[in-house]
Amino acid sequence: MKPVIALVGRPNVGKSTLFNQLTKSRDALVADLPGLTRDRKYGDACVEGKSFIVIDTGGIGESEQGIDAPMAEQSRLAIEEAEIVLFLVDARAGLTPADIQIATELRALSKQVHLVVNKIDGIQEEVALADFHRLGFGELHGIAASHGRGVTQMIETVLAPFPEDEEVVEDPESGIKIAIVGRPNVGKSTLVNRLLGEDRVVVYDMPGTTRDSIYIPYERQGQRYTLIDTAGVRRRGRINESVEKFSVIKTLQAVKDAHVVVMVMDAHESIVDQDLNLLGFVLETGRALVIAINKWDGMTDYERQTLRNDMQRRFDFLPYVKIHLISAKHGTGVGDLYPSIRRAYDSAMIRVPTSRLNQLLADAVEQHQPPLVSGRRIKLRFCHMGGHNPPLFVIHGNQTESVPKDYKRYLENVFRKALKLQGTPVHLEFKTSD
Ligand code: GDP
Ligand code: GDP
């Protein structure tokens, strides 16, 4: 399991700047999406061979600014669950009463907190840091998040107790790993019960547990699956026993560990920040995705048509993702999820021979040449696969750093169409070899 780092601090100390620094090398798709980036709070990051999940908790200590209570509650839960808390303060502003208040709250949690003093660029570091020793968190980490200064070293220090990433060894027995995620009350538990309750399903006896999520292996029509149950359905003894607290971290870990994410949303509610933040995280990790709009029952034809149009518009930036309208309660449309899950899995795990990819690339270039850059044409020569889940296509040529965005989109579409990739993002990496 990846360690989780929570960024905490009052507004304007530089939390989102640090967040962006840590996650910057990731999928450009997320950065392209207006509405997702602004509110994006969960990130997938890797520094010096160690990957981790980073959460910008945003809300703490902002009470006078009236941020909405459920998000603040989510922030607090995230902090409680995180392994590492980075408490950010602003070297230029000096120690403020709000910092002292946050420090008190963090001490009450009795967890490991690292004090990070940001914006040390262009000022005398020693003087700037002196003030903050009073907070009593031991060693101070001076950084300039907007310049990237000190960031790698700080992360290395705080992650020192954690091992480097290991090669993931897939257990062939687990089949297709599906994470059912979504915010509270959208119907995750109902869907899990529906999926496992089908006649055709054989649920195996030995669920595994990792960090609170339960892994339920089962078989359906000869195919093995493992359901990652973030809602904790299987742990509840009786149906009406209280539902476990929704856990952001449980959800993020499940996404990272899945092959295919089924994101559940409620047809009767509008899409909120929490949905978009989670969606942003799923896109960033590159996981295959199927969207299930639940509670489709009991709607009039007019409401259904309106919803269908609305969803099409909202998700038109994700043309490769299948959107299903389901009723977990009545079972309508639930079985139809499987072909989409299967297709997304096959697409995410695809292996394509290099000769085929070279041919595809050559054809694509012939159809539509890359542009000239300062009088020289960009040349794209070879292509091979660099990884899967999501599929990564590595393209070699010259001046590849100048390949424009729309040409990358064009190539992505060529690969998508030719290889029939659905439900998974596609990553392209360019390498210049002259
Ligand atoms: P947040 O509210 O804690 O997320 O803070 P932001 O990341 O939005 O940063 C608040 C302001 O501080 C922005 O104008 C940033 O450009 C600026 N800022 C962030 N990091 C640094 C830094 O290392 N040095 C300087 N000089 N400014 C920074
Ligand atoms: P979770 O918190 O995401 O696990 O959500 P639950 O599965 O506990 O469902 C929350 C509420 O929505 C419960 O009262 C369910 O009965 C109800 N619900 C779930 N699926 C459906 C559905 O398809 N239609 C309707 N009308 N209600 C549903």
# chains A, B, ... in the order shown; residues from 1 in each chain; ligands from 1
>>> residues_around(residues="Asp131 in chain A", least_positions_apart="2", cutoff="7 Å", atoms="only C-alpha atoms", output="list in words")
Gly94, Leu95, Ala128, Leu129, His133 and Arg134 of chain A
>>> residues_around(residues="range 350-360 of chain A", least_positions_apart="6", cutoff="10 Å", atoms="only C-alpha atoms", output="mmCIF file with C-alpha atoms, in the first residue's frame")
data_model
loop_
_atom_site.group_PDB
_atom_site.id
_atom_site.type_symbol
_atom_site.label_atom_id
_atom_site.label_comp_id
_atom_site.auth_asym_id
_atom_site.auth_seq_id
_atom_site.Cartn_x
_atom_site.Cartn_y
_atom_site.Cartn_z
ATOM 1 C CA ALA A 344 -11.877 -1.636 -20.382
ATOM 2 C CA GLU A 366 1.684 9.374 -44.014
ATOM 3 C CA LEU A 380 8.475 10.099 -35.911
ATOM 4 C CA ARG A 381 10.138 6.805 -36.686
ATOM 5 C CA PHE A 382 9.509 3.922 -34.300
ATOM 6 C CA CYS A 383 6.944 2.962 -31.745
ATOM 7 C CA HIS A 384 6.845 0.283 -29.060
ATOM 8 C CA MET A 385 4.882 -0.374 -25.899
ATOM 9 C CA GLY A 386 6.332 0.907 -22.643
ATOM 10 C CA GLY A 387 3.738 -0.437 -20.218
ATOM 11 C CA HIS A 388 0.123 -1.228 -19.577
ATOM 12 C CA ASN A 389 -2.719 -0.285 -17.257
ATOM 13 C CA PRO A 390 -2.780 2.272 -18.810
ATOM 14 C CA PRO A 391 -1.204 1.373 -22.155
ATOM 15 C CA LEU A 392 1.890 3.450 -22.828
ATOM 16 C CA PHE A 393 3.143 3.939 -26.365
ATOM 17 C CA VAL A 394 6.719 5.136 -26.695
ATOM 18 C CA ILE A 395 7.451 6.979 -29.921
ATOM 19 C CA LEU A 411 -1.979 9.985 -32.741
ATOM 20 C CA VAL A 414 -5.291 6.679 -34.368
ATOM 21 C CA PHE A 415 -4.094 4.162 -31.743
ATOM 22 C CA ALA A 418 -6.972 0.870 -34.686
ATOM 23 C CA LEU A 419 -6.549 -1.072 -31.440
ATOM 24 C CA LEU A 421 -9.208 0.850 -26.976
#
>>> closest_residue(among="A:Pro184, A:Pro217, A:Pro425, A:Gly375", to="ligand 2", atoms="only C-alpha atoms and all ligand atoms")
A:Pro184
>>> select_by_dssp(residues="range 104-349 of chain A", states="alpha helix (DSSP H)", output="JSON list (two decimals) with N, CA and C atoms, in the first residue's frame")
[["chain", "number", "residue", "atom", "x", "y", "z"],
["A", 104, "THR", "N", -2.21, 23.19, 17.30],
["A", 104, "THR", "CA", -2.88, 22.59, 18.46],
["A", 104, "THR", "C", -3.77, 21.42, 18.02],
["A", 105, "GLU", "N", -4.51, 21.64, 16.93],
["A", 105, "GLU", "CA", -5.38, 20.57, 16.43],
["A", 105, "GLU", "C", -4.57, 19.35, 16.01],
["A", 106, "LEU", "N", -3.44, 19.61, 15.36],
["A", 106, "LEU", "CA", -2.63, 18.49, 14.87],
["A", 106, "LEU", "C", -2.01, 17.71, 16.02],
["A", 107, "ARG", "N", -1.60, 18.42, 17.06],
["A", 107, "ARG", "CA", -1.01, 17.73, 18.22],
["A", 107, "ARG", "C", -2.01, 16.80, 18.87],
["A", 108, "ALA", "N", -3.28, 17.22, 18.86],
["A", 108, "ALA", "CA", -4.33, 16.42, 19.48],
["A", 108, "ALA", "C", -4.51, 15.09, 18.74],
["A", 125, "GLU", "N", 16.93, 32.50, 5.00],
["A", 125, "GLU", "CA", 16.28, 31.29, 5.47],
["A", 125, "GLU", "C", 16.33, 31.13, 6.99],
["A", 126, "GLU", "N", 17.53, 31.32, 7.54],
["A", 126, "GLU", "CA", 17.69, 31.09, 8.99],
["A", 126, "GLU", "C", 16.75, 31.97, 9.81],
["A", 127, "VAL", "N", 16.71, 33.24, 9.41],
["A", 127, "VAL", "CA", 15.87, 34.20, 10.13],
["A", 127, "VAL", "C", 14.40, 33.80, 9.99],
["A", 128, "ALA", "N", 14.02, 33.45, 8.73],
["A", 128, "ALA", "CA", 12.63, 33.11, 8.46],
["A", 128, "ALA", "C", 12.19, 31.87, 9.26],
["A", 129, "LEU", "N", 13.10, 30.92, 9.40],
["A", 129, "LEU", "CA", 12.73, 29.67, 10.08],
["A", 129, "LEU", "C", 12.63, 29.82, 11.59],
["A", 130, "ALA", "N", 13.45, 30.73, 12.14],
["A", 130, "ALA", "CA", 13.61, 30.81, 13.60],
["A", 130, "ALA", "C", 12.28, 30.88, 14.34],
["A", 151, "VAL", "N", 12.09, 20.61, -2.30],
["A", 151, "VAL", "CA", 10.93, 19.73, -2.26],
["A", 151, "VAL", "C", 11.33, 18.25, -2.26],
["A", 152, "THR", "N", 12.21, 17.90, -3.19],
["A", 152, "THR", "CA", 12.63, 16.50, -3.29],
["A", 152, "THR", "C", 13.30, 16.04, -1.99],
["A", 153, "GLN", "N", 14.18, 16.88, -1.48],
["A", 153, "GLN", "CA", 14.90, 16.53, -0.25],
["A", 153, "GLN", "C", 13.93, 16.36, 0.92],
["A", 154, "MET", "N", 12.96, 17.26, 0.99],
["A", 154, "MET", "CA", 11.98, 17.19, 2.07],
["A", 154, "MET", "C", 11.18, 15.89, 1.98],
["A", 155, "ILE", "N", 10.73, 15.55, 0.77],
["A", 155, "ILE", "CA", 9.95, 14.32, 0.59],
["A", 155, "ILE", "C", 10.80, 13.10, 0.91],
["A", 156, "GLU", "N", 12.07, 13.12, 0.48],
["A", 156, "GLU", "CA", 12.96, 12.00, 0.79],
["A", 156, "GLU", "C", 13.09, 11.80, 2.30],
["A", 157, "THR", "N", 13.22, 12.90, 3.01],
["A", 157, "THR", "CA", 13.35, 12.80, 4.46],
["A", 157, "THR", "C", 12.09, 12.21, 5.10],
["A", 158, "VAL", "N", 10.93, 12.71, 4.68],
["A", 158, "VAL", "CA", 9.71, 12.23, 5.35],
["A", 158, "VAL", "C", 9.36, 10.80, 4.93],
["A", 159, "LEU", "N", 9.79, 10.42, 3.73],
["A", 159, "LEU", "CA", 9.48, 9.05, 3.28],
["A", 159, "LEU", "C", 10.58, 8.05, 3.63],
["A", 188, "LYS", "N", -23.27, 2.34, -3.56],
["A", 188, "LYS", "CA", -22.17, 1.38, -3.73],
["A", 188, "LYS", "C", -22.48, 0.03, -3.08],
["A", 189, "SER", "N", -22.96, 0.08, -1.83],
["A", 189, "SER", "CA", -23.22, -1.17, -1.12],
["A", 189, "SER", "C", -24.31, -1.97, -1.83],
["A", 190, "THR", "N", -25.33, -1.25, -2.28],
["A", 190, "THR", "CA", -26.43, -1.91, -2.98],
["A", 190, "THR", "C", -25.90, -2.57, -4.25],
["A", 191, "LEU", "N", -25.02, -1.88, -4.94],
["A", 191, "LEU", "CA", -24.44, -2.43, -6.17],
["A", 191, "LEU", "C", -23.56, -3.65, -5.88],
["A", 192, "VAL", "N", -22.75, -3.57, -4.84],
["A", 192, "VAL", "CA", -21.89, -4.70, -4.48],
["A", 192, "VAL", "C", -22.76, -5.93, -4.18],
["A", 193, "ASN", "N", -23.80, -5.72, -3.40],
["A", 193, "ASN", "CA", -24.70, -6.85, -3.08],
["A", 193, "ASN", "C", -25.38, -7.40, -4.32],
["A", 194, "ARG", "N", -25.76, -6.52, -5.21],
["A", 194, "ARG", "CA", -26.42, -6.93, -6.45],
["A", 194, "ARG", "C", -25.46, -7.75, -7.31],
["A", 195, "LEU", "N", -24.23, -7.26, -7.45],
["A", 195, "LEU", "CA", -23.25, -7.97, -8.29],
["A", 195, "LEU", "C", -22.95, -9.36, -7.74],
["A", 196, "LEU", "N", -22.80, -9.44, -6.41],
["A", 196, "LEU", "CA", -22.43, -10.72, -5.80],
["A", 196, "LEU", "C", -23.64, -11.63, -5.61],
["A", 197, "GLY", "N", -24.83, -11.04, -5.66],
["A", 197, "GLY", "CA", -26.04, -11.83, -5.40],
["A", 197, "GLY", "C", -26.59, -12.52, -6.63],
["A", 248, "VAL", "N", -12.01, 8.48, 2.42],
["A", 248, "VAL", "CA", -11.33, 8.96, 1.21],
["A", 248, "VAL", "C", -10.15, 8.06, 0.89],
["A", 249, "ILE", "N", -9.36, 7.76, 1.91],
["A", 249, "ILE", "CA", -8.12, 7.04, 1.67],
["A", 249, "ILE", "C", -8.36, 5.62, 1.21],
["A", 250, "LYS", "N", -9.34, 4.98, 1.83],
["A", 250, "LYS", "CA", -9.73, 3.65, 1.40],
["A", 250, "LYS", "C", -10.06, 3.67, -0.10],
["A", 251, "THR", "N", -10.81, 4.71, -0.48],
["A", 251, "THR", "CA", -11.21, 4.84, -1.87],
["A", 251, "THR", "C", -10.00, 5.03, -2.79],
["A", 252, "LEU", "N", -9.07, 5.91, -2.40],
["A", 252, "LEU", "CA", -7.91, 6.17, -3.25],
["A", 252, "LEU", "C", -7.04, 4.93, -3.41],
["A", 253, "GLN", "N", -6.86, 4.21, -2.30],
["A", 253, "GLN", "CA", -6.04, 3.00, -2.36],
["A", 253, "GLN", "C", -6.70, 1.96, -3.26],
["A", 254, "ALA", "N", -8.03, 1.86, -3.17],
["A", 254, "ALA", "CA", -8.75, 0.90, -4.00],
["A", 254, "ALA", "C", -8.59, 1.23, -5.47],
["A", 255, "VAL", "N", -8.66, 2.52, -5.79],
["A", 255, "VAL", "CA", -8.49, 2.94, -7.18],
["A", 255, "VAL", "C", -7.11, 2.52, -7.68],
["A", 256, "LYS", "N", -6.10, 2.80, -6.87],
["A", 256, "LYS", "CA", -4.73, 2.49, -7.29],
["A", 256, "LYS", "C", -4.52, 1.00, -7.51],
["A", 257, "ASP", "N", -5.23, 0.20, -6.72],
["A", 257, "ASP", "CA", -5.01, -1.24, -6.77],
["A", 257, "ASP", "C", -5.89, -1.95, -7.80],
["A", 273, "ASP", "N", -18.15, 18.72, -6.20],
["A", 273, "ASP", "CA", -16.68, 18.72, -6.15],
["A", 273, "ASP", "C", -16.10, 17.37, -5.78],
["A", 274, "GLN", "N", -16.74, 16.74, -4.81],
["A", 274, "GLN", "CA", -16.21, 15.46, -4.33],
["A", 274, "GLN", "C", -16.15, 14.43, -5.46],
["A", 275, "ASP", "N", -17.19, 14.44, -6.33],
["A", 275, "ASP", "CA", -17.19, 13.54, -7.49],
["A", 275, "ASP", "C", -16.04, 13.90, -8.43],
["A", 276, "LEU", "N", -15.90, 15.20, -8.69],
["A", 276, "LEU", "CA", -14.88, 15.63, -9.65],
["A", 276, "LEU", "C", -13.47, 15.37, -9.13],
["A", 277, "ASN", "N", -13.27, 15.60, -7.84],
["A", 277, "ASN", "CA", -11.96, 15.33, -7.26],
["A", 277, "ASN", "C", -11.59, 13.87, -7.41],
["A", 278, "LEU", "N", -12.56, 13.01, -7.13],
["A", 278, "LEU", "CA", -12.33, 11.58, -7.22],
["A", 278, "LEU", "C", -12.09, 11.19, -8.68],
["A", 279, "LEU", "N", -12.91, 11.73, -9.57],
["A", 279, "LEU", "CA", -12.75, 11.46, -10.99],
["A", 279, "LEU", "C", -11.37, 11.91, -11.46],
["A", 280, "GLY", "N", -10.95, 13.10, -11.01],
["A", 280, "GLY", "CA", -9.63, 13.61, -11.36],
["A", 280, "GLY", "C", -8.54, 12.65, -10.92],
["A", 281, "PHE", "N", -8.70, 12.09, -9.74],
["A", 281, "PHE", "CA", -7.70, 11.15, -9.23],
["A", 281, "PHE", "C", -7.67, 9.88, -10.09],
["A", 282, "VAL", "N", -8.86, 9.38, -10.44],
["A", 282, "VAL", "CA", -8.92, 8.17, -11.27],
["A", 282, "VAL", "C", -8.22, 8.41, -12.60],
["A", 283, "LEU", "N", -8.48, 9.57, -13.21],
["A", 283, "LEU", "CA", -7.85, 9.88, -14.49],
["A", 283, "LEU", "C", -6.35, 9.99, -14.33],
["A", 284, "GLU", "N", -5.93, 10.60, -13.22],
["A", 284, "GLU", "CA", -4.51, 10.81, -13.00],
["A", 284, "GLU", "C", -3.75, 9.49, -12.82],
["A", 285, "THR", "N", -4.38, 8.55, -12.13],
["A", 285, "THR", "CA", -3.72, 7.25, -11.94],
["A", 285, "THR", "C", -3.71, 6.46, -13.24],
["A", 301, "ASP", "N", -39.98, 9.48, -18.09],
["A", 301, "ASP", "CA", -39.24, 9.45, -19.35],
["A", 301, "ASP", "C", -38.57, 10.79, -19.62],
["A", 302, "TYR", "N", -39.29, 11.85, -19.27],
["A", 302, "TYR", "CA", -38.73, 13.18, -19.50],
["A", 302, "TYR", "C", -37.46, 13.38, -18.68],
["A", 303, "GLU", "N", -37.54, 12.99, -17.38],
["A", 303, "GLU", "CA", -36.37, 13.13, -16.51],
["A", 303, "GLU", "C", -35.19, 12.31, -17.03],
["A", 304, "ARG", "N", -35.50, 11.14, -17.53],
["A", 304, "ARG", "CA", -34.44, 10.27, -18.06],
["A", 304, "ARG", "C", -33.75, 10.88, -19.26],
["A", 305, "GLN", "N", -34.57, 11.44, -20.16],
["A", 305, "GLN", "CA", -34.00, 12.03, -21.36],
["A", 305, "GLN", "C", -33.12, 13.23, -21.00],
["A", 306, "THR", "N", -33.64, 14.04, -20.07],
["A", 306, "THR", "CA", -32.87, 15.21, -19.63],
["A", 306, "THR", "C", -31.54, 14.78, -19.03],
["A", 307, "LEU", "N", -31.61, 13.74, -18.20],
["A", 307, "LEU", "CA", -30.40, 13.25, -17.55],
["A", 307, "LEU", "C", -29.40, 12.73, -18.58],
["A", 308, "ARG", "N", -29.93, 11.96, -19.53],
["A", 308, "ARG", "CA", -29.06, 11.39, -20.55],
["A", 308, "ARG", "C", -28.31, 12.50, -21.30],
["A", 309, "ASN", "N", -29.04, 13.53, -21.69],
["A", 309, "ASN", "CA", -28.41, 14.65, -22.41],
["A", 309, "ASN", "C", -27.38, 15.35, -21.53],
["A", 310, "ASP", "N", -27.77, 15.53, -20.28],
["A", 310, "ASP", "CA", -26.91, 16.23, -19.35],
["A", 310, "ASP", "C", -25.59, 15.48, -19.15],
["A", 311, "MET", "N", -25.69, 14.16, -18.99],
["A", 311, "MET", "CA", -24.49, 13.34, -18.78],
["A", 311, "MET", "C", -23.59, 13.36, -20.00],
["A", 312, "GLN", "N", -24.26, 13.30, -21.18],
["A", 312, "GLN", "CA", -23.48, 13.31, -22.40],
["A", 312, "GLN", "C", -22.65, 14.59, -22.50],
["A", 313, "ARG", "N", -23.26, 15.70, -22.10],
["A", 313, "ARG", "CA", -22.57, 16.98, -22.16],
["A", 313, "ARG", "C", -21.45, 17.03, -21.13],
["A", 314, "ARG", "N", -21.76, 16.62, -19.91],
["A", 314, "ARG", "CA", -20.78, 16.69, -18.82],
["A", 314, "ARG", "C", -19.54, 15.87, -19.10],
["A", 337, "LEU", "N", -22.94, -3.91, -17.13],
["A", 337, "LEU", "CA", -21.65, -3.34, -16.73],
["A", 337, "LEU", "C", -20.51, -4.27, -17.15],
["A", 338, "TYR", "N", -20.77, -5.60, -17.11],
["A", 338, "TYR", "CA", -19.69, -6.55, -17.34],
["A", 338, "TYR", "C", -18.98, -6.42, -18.69],
["A", 339, "PRO", "N", -19.74, -6.33, -19.82],
["A", 339, "PRO", "CA", -19.02, -6.18, -21.09],
["A", 339, "PRO", "C", -18.14, -4.93, -21.11],
["A", 340, "SER", "N", -18.60, -3.85, -20.48],
["A", 340, "SER", "CA", -17.78, -2.62, -20.46],
["A", 340, "SER", "C", -16.55, -2.80, -19.58],
["A", 341, "ILE", "N", -16.73, -3.50, -18.46],
["A", 341, "ILE", "CA", -15.60, -3.76, -17.57],
["A", 341, "ILE", "C", -14.56, -4.61, -18.28],
["A", 342, "ARG", "N", -15.05, -5.64, -18.97],
["A", 342, "ARG", "CA", -14.17, -6.56, -19.70],
["A", 342, "ARG", "C", -13.39, -5.80, -20.79],
["A", 343, "ARG", "N", -14.13, -4.98, -21.52],
["A", 343, "ARG", "CA", -13.51, -4.25, -22.62],
["A", 343, "ARG", "C", -12.47, -3.26, -22.08],
["A", 344, "ALA", "N", -12.80, -2.60, -20.98],
["A", 344, "ALA", "CA", -11.88, -1.64, -20.38],
["A", 344, "ALA", "C", -10.62, -2.36, -19.89],
["A", 345, "TYR", "N", -10.82, -3.54, -19.30],
["A", 345, "TYR", "CA", -9.69, -4.34, -18.81],
["A", 345, "TYR", "C", -8.80, -4.76, -19.97],
["A", 346, "ASP", "N", -9.42, -5.32, -21.01],
["A", 346, "ASP", "CA", -8.63, -5.77, -22.17],
["A", 346, "ASP", "C", -7.87, -4.60, -22.79],
["A", 347, "SER", "N", -8.50, -3.45, -22.83],
["A", 347, "SER", "CA", -7.84, -2.28, -23.41],
["A", 347, "SER", "C", -6.67, -1.82, -22.54],
["A", 348, "ALA", "N", -6.90, -1.83, -21.22],
["A", 348, "ALA", "CA", -5.85, -1.35, -20.31],
["A", 348, "ALA", "C", -4.64, -2.28, -20.33]]
>>> residues_near_ligand(ligand="ligand 2", cutoff="10 Å", atoms="only C-alpha atoms and all ligand atoms", output="PyMOL selection string")
chain A and resi 180-194+229-233+239-240+242-246+264-268+293-299+325-334
>>> write_last_selection(atoms="C-alpha atoms", output="JSON list (two decimals), in the first residue's frame")
[["chain", "number", "residue", "atom", "x", "y", "z"],
["A", 180, "ILE", "CA", -16.58, 0.25, -6.79],
["A", 181, "VAL", "CA", -16.16, 3.86, -5.70],
["A", 182, "GLY", "CA", -18.25, 6.97, -5.20],
["A", 183, "ARG", "CA", -19.29, 9.31, -2.45],
["A", 184, "PRO", "CA", -21.57, 8.21, 0.40],
["A", 185, "ASN", "CA", -25.15, 7.13, -0.39],
["A", 186, "VAL", "CA", -24.81, 6.85, -4.15],
["A", 187, "GLY", "CA", -25.56, 3.12, -3.86],
["A", 188, "LYS", "CA", -22.17, 1.38, -3.73],
["A", 189, "SER", "CA", -23.22, -1.17, -1.12],
["A", 190, "THR", "CA", -26.43, -1.91, -2.98],
["A", 191, "LEU", "CA", -24.44, -2.43, -6.17],
["A", 192, "VAL", "CA", -21.89, -4.70, -4.48],
["A", 193, "ASN", "CA", -24.70, -6.85, -3.08],
["A", 194, "ARG", "CA", -26.42, -6.93, -6.45],
["A", 229, "ASP", "CA", -15.45, -3.33, -1.52],
["A", 230, "THR", "CA", -14.73, 0.16, -0.24],
["A", 231, "ALA", "CA", -18.20, 0.39, 1.29],
["A", 232, "GLY", "CA", -17.42, -2.44, 3.69],
["A", 233, "VAL", "CA", -20.61, -4.32, 2.79],
["A", 239, "ILE", "CA", -28.26, -5.40, 6.49],
["A", 240, "ASN", "CA", -29.43, -2.68, 8.82],
["A", 242, "SER", "CA", -24.84, 1.08, 10.38],
["A", 243, "VAL", "CA", -22.78, 1.76, 7.31],
["A", 244, "GLU", "CA", -19.13, 2.41, 7.92],
["A", 245, "LYS", "CA", -17.79, 5.89, 7.66],
["A", 246, "PHE", "CA", -16.89, 6.81, 4.13],
["A", 264, "VAL", "CA", -21.04, 5.29, -9.06],
["A", 265, "MET", "CA", -23.02, 8.54, -9.08],
["A", 266, "ASP", "CA", -26.57, 9.31, -8.04],
["A", 267, "ALA", "CA", -28.95, 10.23, -10.89],
["A", 268, "HIS", "CA", -30.95, 12.47, -8.57],
["A", 293, "ILE", "CA", -25.30, 6.54, -12.93],
["A", 294, "ASN", "CA", -27.45, 4.84, -10.30],
["A", 295, "LYS", "CA", -31.06, 5.17, -9.08],
["A", 296, "TRP", "CA", -32.41, 5.25, -12.61],
["A", 297, "ASP", "CA", -35.66, 3.68, -11.36],
["A", 298, "GLY", "CA", -38.66, 5.84, -10.53],
["A", 299, "MET", "CA", -37.77, 8.59, -13.01],
["A", 325, "LEU", "CA", -27.61, 4.12, -16.40],
["A", 326, "ILE", "CA", -28.49, 1.56, -13.76],
["A", 327, "SER", "CA", -30.68, 0.73, -10.83],
["A", 328, "ALA", "CA", -28.65, -1.17, -8.29],
["A", 329, "LYS", "CA", -31.78, -1.65, -6.23],
["A", 330, "HIS", "CA", -33.81, -3.33, -8.97],
["A", 331, "GLY", "CA", -30.91, -4.74, -10.94],
["A", 332, "THR", "CA", -31.73, -2.88, -14.14],
["A", 333, "GLY", "CA", -28.68, -2.45, -16.34],
["A", 334, "VAL", "CA", -26.31, -3.97, -13.78]]
>>> closest_residue(among="A:Gln21, A:Gln101, A:Gln112, A:Ser402", to="ligand 1", atoms="only C-alpha atoms and all ligand atoms")
A:Gln21
>>> closest_atom_pairs(of="chain A", to="ligand 1", cutoff="6 Å", atoms="only C-alpha atoms and all ligand atoms", output="CSV")
residue,atom,partner,partner_atom_place_in_ligand_line,distance
A:Pro11,CA,ligand 1,2 (O),3.8
A:Asn12,CA,ligand 1,2 (O),3.4
A:Val13,CA,ligand 1,3 (O),4.0
A:Gly14,CA,ligand 1,7 (O),3.2
A:Lys15,CA,ligand 1,3 (O),3.7
A:Ser16,CA,ligand 1,4 (O),3.7
A:Thr17,CA,ligand 1,7 (O),3.7
A:Asn118,CA,ligand 1,23 (O),5.4
A:Lys119,CA,ligand 1,24 (N),3.5
A:Asp121,CA,ligand 1,24 (N),5.7
A:Ala144,CA,ligand 1,23 (O),3.2
A:Ala145,CA,ligand 1,23 (O),3.9
A:Ser146,CA,ligand 1,23 (O),4.2
A:His147,CA,ligand 1,23 (O),5.9
